[in-house]
Amino acid sequence: MNRRTFFHQTSALAAVSALPKLRAADAAQKKLKVAVVALGRGMGHVQALLKLPNVEIAYVAEVDPKRLEAGLKVINDTQQVSCVGVKDFRTILDDKTLDAVFIATPNFWHTPAALLCMQAGKHVYVEKPGSQNAHEAEMIVEASKKYDRVVQMGNQRRTWMKEAIEALHGGAIGPVRFGRGFYYNTRKSVATNEKPAPPDIDYNLWQGPVPDDAKHEFKALAHYDWHWFWHWGNGELGNNGIHTLDILRWGLKGDYPLRTTYNGGRYFYDDKQETPDTGTAVYDFGHAGCEWVQSSCHPRAAEKPLSEVMFYGDNGTMAAGRDTWTIYDPKGVEISKGKGAGGGDPAHIGNFLDAIRGEAKLNSPIAEGQKSTMMCHLGNMAYRTNTVVKCDPKTGKVLDNAEAMKLWGREGYRKGWDVKI
């Protein structure tokens with residue numbers, strides 16, 4: 001995306017390729033100045049940042065004026081240095097003292113916003129899934145390399161569950177053959193306008209680079225129901241499935257699946273939602289496999305799983321969730337428990353800040369995070385084409401499926417926007 005077209009300014013972008021990461025010796029003593037974009041999920045970022053040392057929230061950006069006002073009050077009541085609020089995050093990117101940007105926008109903004117920030121020389125923390133389609137997944141990874149920026153995805157379990165996966169890889173249940181992840185909820189019918197978004201939102205900026213969809217009125221879908229329409233969202237698979245799919249892939253030591261299927265439907269409500277509320281996505285890595293079980297509109301309380309992620313090995317079962325895990329023997333008898341450091345959002349965000357300072361390695365670098373996000377994209381391709389999607393296990397490229405490839409990227413972006421590296 002070309003900021004020069006918007007602002008007619010060239011100086012910041014011209015020098016970006018020469019911008020280095022902070023030298024570790026300097027960065028360790030430097031208070032990092034950051035910005036948070038979008039104050040829905042972004043308020044979680046704000047609350048975490050306010051708990052961390054040696055970081056200043058210099059800006060927050062939000063298209064909803066009420067959210068902006070509320071977020072500024074929280075920050076300025078807590079932080080000694082005053083924070084500036086803006087509607088359009090692009091207006092702050094020429095501030096050379098700004099080190100990093102936290103992106104908590106809707107999915108369709110993740111990659112375009114991240115590209116803008118990296119092109120301006122900023123490090124980026126981007127919420128999951130980090131891309132709205134497979135082509136954007138490729139772009140955000142390529143951009144992180146081209147601009148040499150520290151980019152972390154907000155899949156916090158990569159920090160919270162490190163000890164559990166270390167135990168799994170250390171042989172806690174022997175060779176691991178299969179894994180299962182779960183998501184159950186009590187969601188209701190969508191886009192009923194029972195809680196319409198405020199009329200004073202800048203909807204033009206809310207939608208950003210994404211063209212209008214003639215089939216749906218996007219104003220009825222802010223701030224949340226856009227998730228359930230393919231033009232903007234990724235369904236539950238990209239909304240919540242990414243969390244457990246990431247842990248399953250990590251635990252199984254897989255890169256990209258050989259085969260992917262996703263079967264289900266919109267069963268509980270007769271409304272305009274396009275994405276399934278119930279289904280199972282299944283992945284075959286060759287040496288092992290996994291499945292993600294979804295019941296978004298029924299809690300299935302009578303059969304609550306042992307934990308959000310299950311691993312099955314030759315010597316037993318591991319049930320893992322957030323920062324705890326339990327090991328069962330082959331007969332189902334509990335034999336041990338474990339607990340990791342956890343730490344909530346501050347731990348994962350703190351890891352990102354420490355990586356900028358040169359004091360730590362990222363727990364979820366964007367290249368690794370997007371391998372897991374590709375599982376979401378591949379699953380949605382399988383669902384939407386009613387096919388088994390096969391891909392190259394080393395590159396994630398779809399094989400021999402022209403219909404799935406039609407869904408690889410967005411057909412085009414809104415006129416006047418230039419989404420490219």
# chains A, B, ... in the order shown; residues from 1 in each chain; ligands from 1
call {"tool": "select_by_dssp", "arguments": {"residues": "segment 191-356 of chain A", "states": "strand (DSSP E or B)", "output": "PyMOL selection string"}}
result
chain A and resi 259-265+278-284+289-295+309-313+316-321+324-328+334-339
call {"tool": "select_by_dssp", "arguments": {"residues": "segment 127-293 of chain A", "states": "alpha helix (DSSP H)", "output": "PyMOL selection string"}}
result
chain A and resi 134-146+157-160+162-169+203-207+235-236+242-252
call {"tool": "closest_atom_pairs", "arguments": {"of": "segment 156-212 of chain A", "to": "segment 355-376 of chain A", "cutoff": "12 Å", "atoms": "only C-alpha atoms", "output": "CSV"}}
result
residue,atom,partner,partner_atom,distance
A:Gln156,CA,A:Ser364,CA,8.3
A:Arg157,CA,A:Ser364,CA,9.3
A:Arg158,CA,A:Asn363,CA,6.0
A:Thr159,CA,A:Asn363,CA,6.0
A:Trp160,CA,A:Asn363,CA,9.8
A:Met161,CA,A:Asn363,CA,10.5
A:Lys162,CA,A:Asn363,CA,8.7
call {"tool": "atom_distance", "arguments": {"atom1": "atom CA of Val151 of chain A", "atom2": "atom CA of Gly40 of chain A"}}
result
20.7 Å
call {"tool": "closest_residue", "arguments": {"among": "A:Leu49, A:Ala164, A:Val210, A:Ala222", "to": "Trp325 of chain A", "atoms": "only C-alpha atoms"}}
result
A:Ala164
call {"tool": "residues_around", "arguments": {"residues": "Thr326 of chain A", "least_positions_apart": "2", "cutoff": "12 Å", "atoms": "only C-alpha atoms", "output": "PyMOL selection string"}}
result
chain A and resi 164-165+167-168+172-173+306-311+316-324+328-329+332-340
call {"tool": "write_last_selection", "arguments": {"atoms": "N, CA, C and O atoms", "output": "compact mmCIF listing (two decimals), in the first residue's frame"}}
result
# COMPACT_ATOMS: atom_id res chain seq x y z
N ALA A 164 4.40 -26.73 28.03
CA ALA A 164 3.61 -27.92 27.68
C ALA A 164 4.16 -28.58 26.41
O ALA A 164 4.31 -29.80 26.35
N ILE A 165 4.47 -27.78 25.40
CA ILE A 165 4.99 -28.34 24.16
C ILE A 165 6.40 -28.89 24.36
O ILE A 165 6.77 -29.90 23.75
N ALA A 167 7.38 -30.35 27.06
CA ALA A 167 7.14 -31.66 27.67
C ALA A 167 6.69 -32.68 26.63
O ALA A 167 7.13 -33.83 26.62
N LEU A 168 5.81 -32.24 25.72
CA LEU A 168 5.33 -33.12 24.66
C LEU A 168 6.48 -33.57 23.77
O LEU A 168 6.65 -34.76 23.49
N ALA A 172 6.73 -36.93 26.66
CA ALA A 172 5.78 -37.14 27.75
C ALA A 172 4.76 -38.23 27.44
O ALA A 172 4.33 -38.96 28.34
N ILE A 173 4.37 -38.37 26.16
CA ILE A 173 3.43 -39.43 25.79
C ILE A 173 3.97 -40.26 24.62
O ILE A 173 3.22 -40.92 23.90
N LEU A 306 -11.64 -32.56 27.76
CA LEU A 306 -10.73 -32.44 28.89
C LEU A 306 -9.95 -31.13 28.86
O LEU A 306 -9.59 -30.60 29.90
N SER A 307 -9.68 -30.62 27.67
CA SER A 307 -8.98 -29.35 27.56
C SER A 307 -9.17 -28.82 26.14
O SER A 307 -9.78 -29.49 25.30
N GLU A 308 -8.63 -27.64 25.85
CA GLU A 308 -8.84 -27.07 24.53
C GLU A 308 -8.00 -27.75 23.46
O GLU A 308 -8.33 -27.68 22.27
N VAL A 309 -6.91 -28.42 23.85
CA VAL A 309 -6.08 -29.16 22.90
C VAL A 309 -5.75 -30.52 23.49
O VAL A 309 -5.39 -30.62 24.67
N MET A 310 -5.86 -31.55 22.66
CA MET A 310 -5.53 -32.91 23.08
C MET A 310 -4.50 -33.49 22.12
O MET A 310 -4.61 -33.32 20.91
N PHE A 311 -3.51 -34.17 22.68
CA PHE A 311 -2.53 -34.89 21.87
C PHE A 311 -2.57 -36.36 22.25
O PHE A 311 -2.65 -36.71 23.44
N GLY A 316 0.24 -42.53 25.78
CA GLY A 316 -0.80 -41.86 26.55
C GLY A 316 -1.36 -40.63 25.86
O GLY A 316 -1.22 -40.46 24.63
N THR A 317 -1.98 -39.77 26.63
CA THR A 317 -2.67 -38.58 26.14
C THR A 317 -2.25 -37.36 26.93
O THR A 317 -2.09 -37.43 28.15
N MET A 318 -2.07 -36.24 26.25
CA MET A 318 -1.84 -34.96 26.91
C MET A 318 -3.04 -34.06 26.65
O MET A 318 -3.45 -33.88 25.51
N ALA A 319 -3.59 -33.50 27.72
CA ALA A 319 -4.64 -32.49 27.62
C ALA A 319 -4.03 -31.16 28.03
O ALA A 319 -3.59 -30.99 29.17
N ALA A 320 -3.96 -30.21 27.09
CA ALA A 320 -3.26 -28.95 27.34
C ALA A 320 -4.18 -27.76 27.10
O ALA A 320 -4.95 -27.73 26.15
N GLY A 321 -4.07 -26.77 27.99
CA GLY A 321 -4.86 -25.56 27.85
C GLY A 321 -4.15 -24.38 28.48
O GLY A 321 -3.77 -24.43 29.65
N ARG A 322 -3.91 -23.34 27.69
CA ARG A 322 -3.24 -22.13 28.16
C ARG A 322 -1.91 -22.47 28.84
O ARG A 322 -0.98 -22.86 28.16
N ASP A 323 -1.82 -22.42 30.17
CA ASP A 323 -0.51 -22.65 30.80
C ASP A 323 -0.49 -23.90 31.67
O ASP A 323 0.38 -24.07 32.52
N THR A 324 -1.44 -24.83 31.47
CA THR A 324 -1.46 -26.07 32.24
C THR A 324 -1.61 -27.26 31.31
O THR A 324 -2.09 -27.14 30.19
N TYR A 328 -2.19 -38.44 30.79
CA TYR A 328 -2.92 -39.66 31.11
C TYR A 328 -2.22 -40.85 30.47
O TYR A 328 -1.67 -40.74 29.37
N ASP A 329 -2.25 -42.00 31.16
CA ASP A 329 -1.63 -43.20 30.59
C ASP A 329 -2.56 -43.80 29.54
O ASP A 329 -3.68 -43.31 29.33
N GLY A 332 -6.15 -44.16 30.38
CA GLY A 332 -6.91 -42.99 30.77
C GLY A 332 -6.73 -42.57 32.21
O GLY A 332 -7.47 -41.69 32.70
N VAL A 333 -5.75 -43.15 32.89
CA VAL A 333 -5.49 -42.80 34.28
C VAL A 333 -4.55 -41.59 34.34
O VAL A 333 -3.49 -41.59 33.70
N GLU A 334 -4.93 -40.58 35.09
CA GLU A 334 -4.09 -39.39 35.22
C GLU A 334 -2.80 -39.76 35.95
O GLU A 334 -2.82 -40.36 37.01
N ILE A 335 -1.66 -39.36 35.34
CA ILE A 335 -0.38 -39.71 35.97
C ILE A 335 0.47 -38.50 36.33
O ILE A 335 1.38 -38.60 37.16
N SER A 336 0.18 -37.34 35.75
CA SER A 336 0.96 -36.16 36.12
C SER A 336 0.29 -34.89 35.63
O SER A 336 -0.56 -34.92 34.73
N LYS A 337 0.68 -33.77 36.24
CA LYS A 337 0.20 -32.45 35.84
C LYS A 337 1.39 -31.50 35.69
O LYS A 337 2.46 -31.74 36.27
N GLY A 338 1.19 -30.45 34.92
CA GLY A 338 2.23 -29.45 34.77
C GLY A 338 1.64 -28.06 34.64
O GLY A 338 0.48 -27.91 34.26
N LYS A 339 2.43 -27.07 34.99
CA LYS A 339 1.98 -25.67 34.86
C LYS A 339 3.15 -24.82 34.41
O LYS A 339 4.24 -24.89 34.99
N GLY A 340 2.91 -24.02 33.39
CA GLY A 340 3.94 -23.14 32.88
C GLY A 340 3.86 -21.75 33.47
O GLY A 340 3.04 -21.48 34.36
call {"tool": "atom_distance", "arguments": {"atom1": "atom CA of Asp400 of chain A", "atom2": "atom CA of Val388 of chain A"}}
result
10.5 Å
call {"tool": "residues_around", "arguments": {"residues": "Asn107 of chain A", "least_positions_apart": "2", "cutoff": "7 Å", "atoms": "only C-alpha atoms", "output": "count of residues only"}}
result
8
call {"tool": "closest_residue", "arguments": {"among": "A:Gly174, A:Gln79, A:Arg249, A:Lys331", "to": "Lys51 of chain A", "atoms": "only C-alpha atoms"}}
result
A:Gln79
call {"tool": "closest_residue", "arguments": {"among": "A:Asp418, A:Phe352, A:Cys297, A:Thr261", "to": "Val101 of chain A", "atoms": "only C-alpha atoms"}}
result
A:Phe352
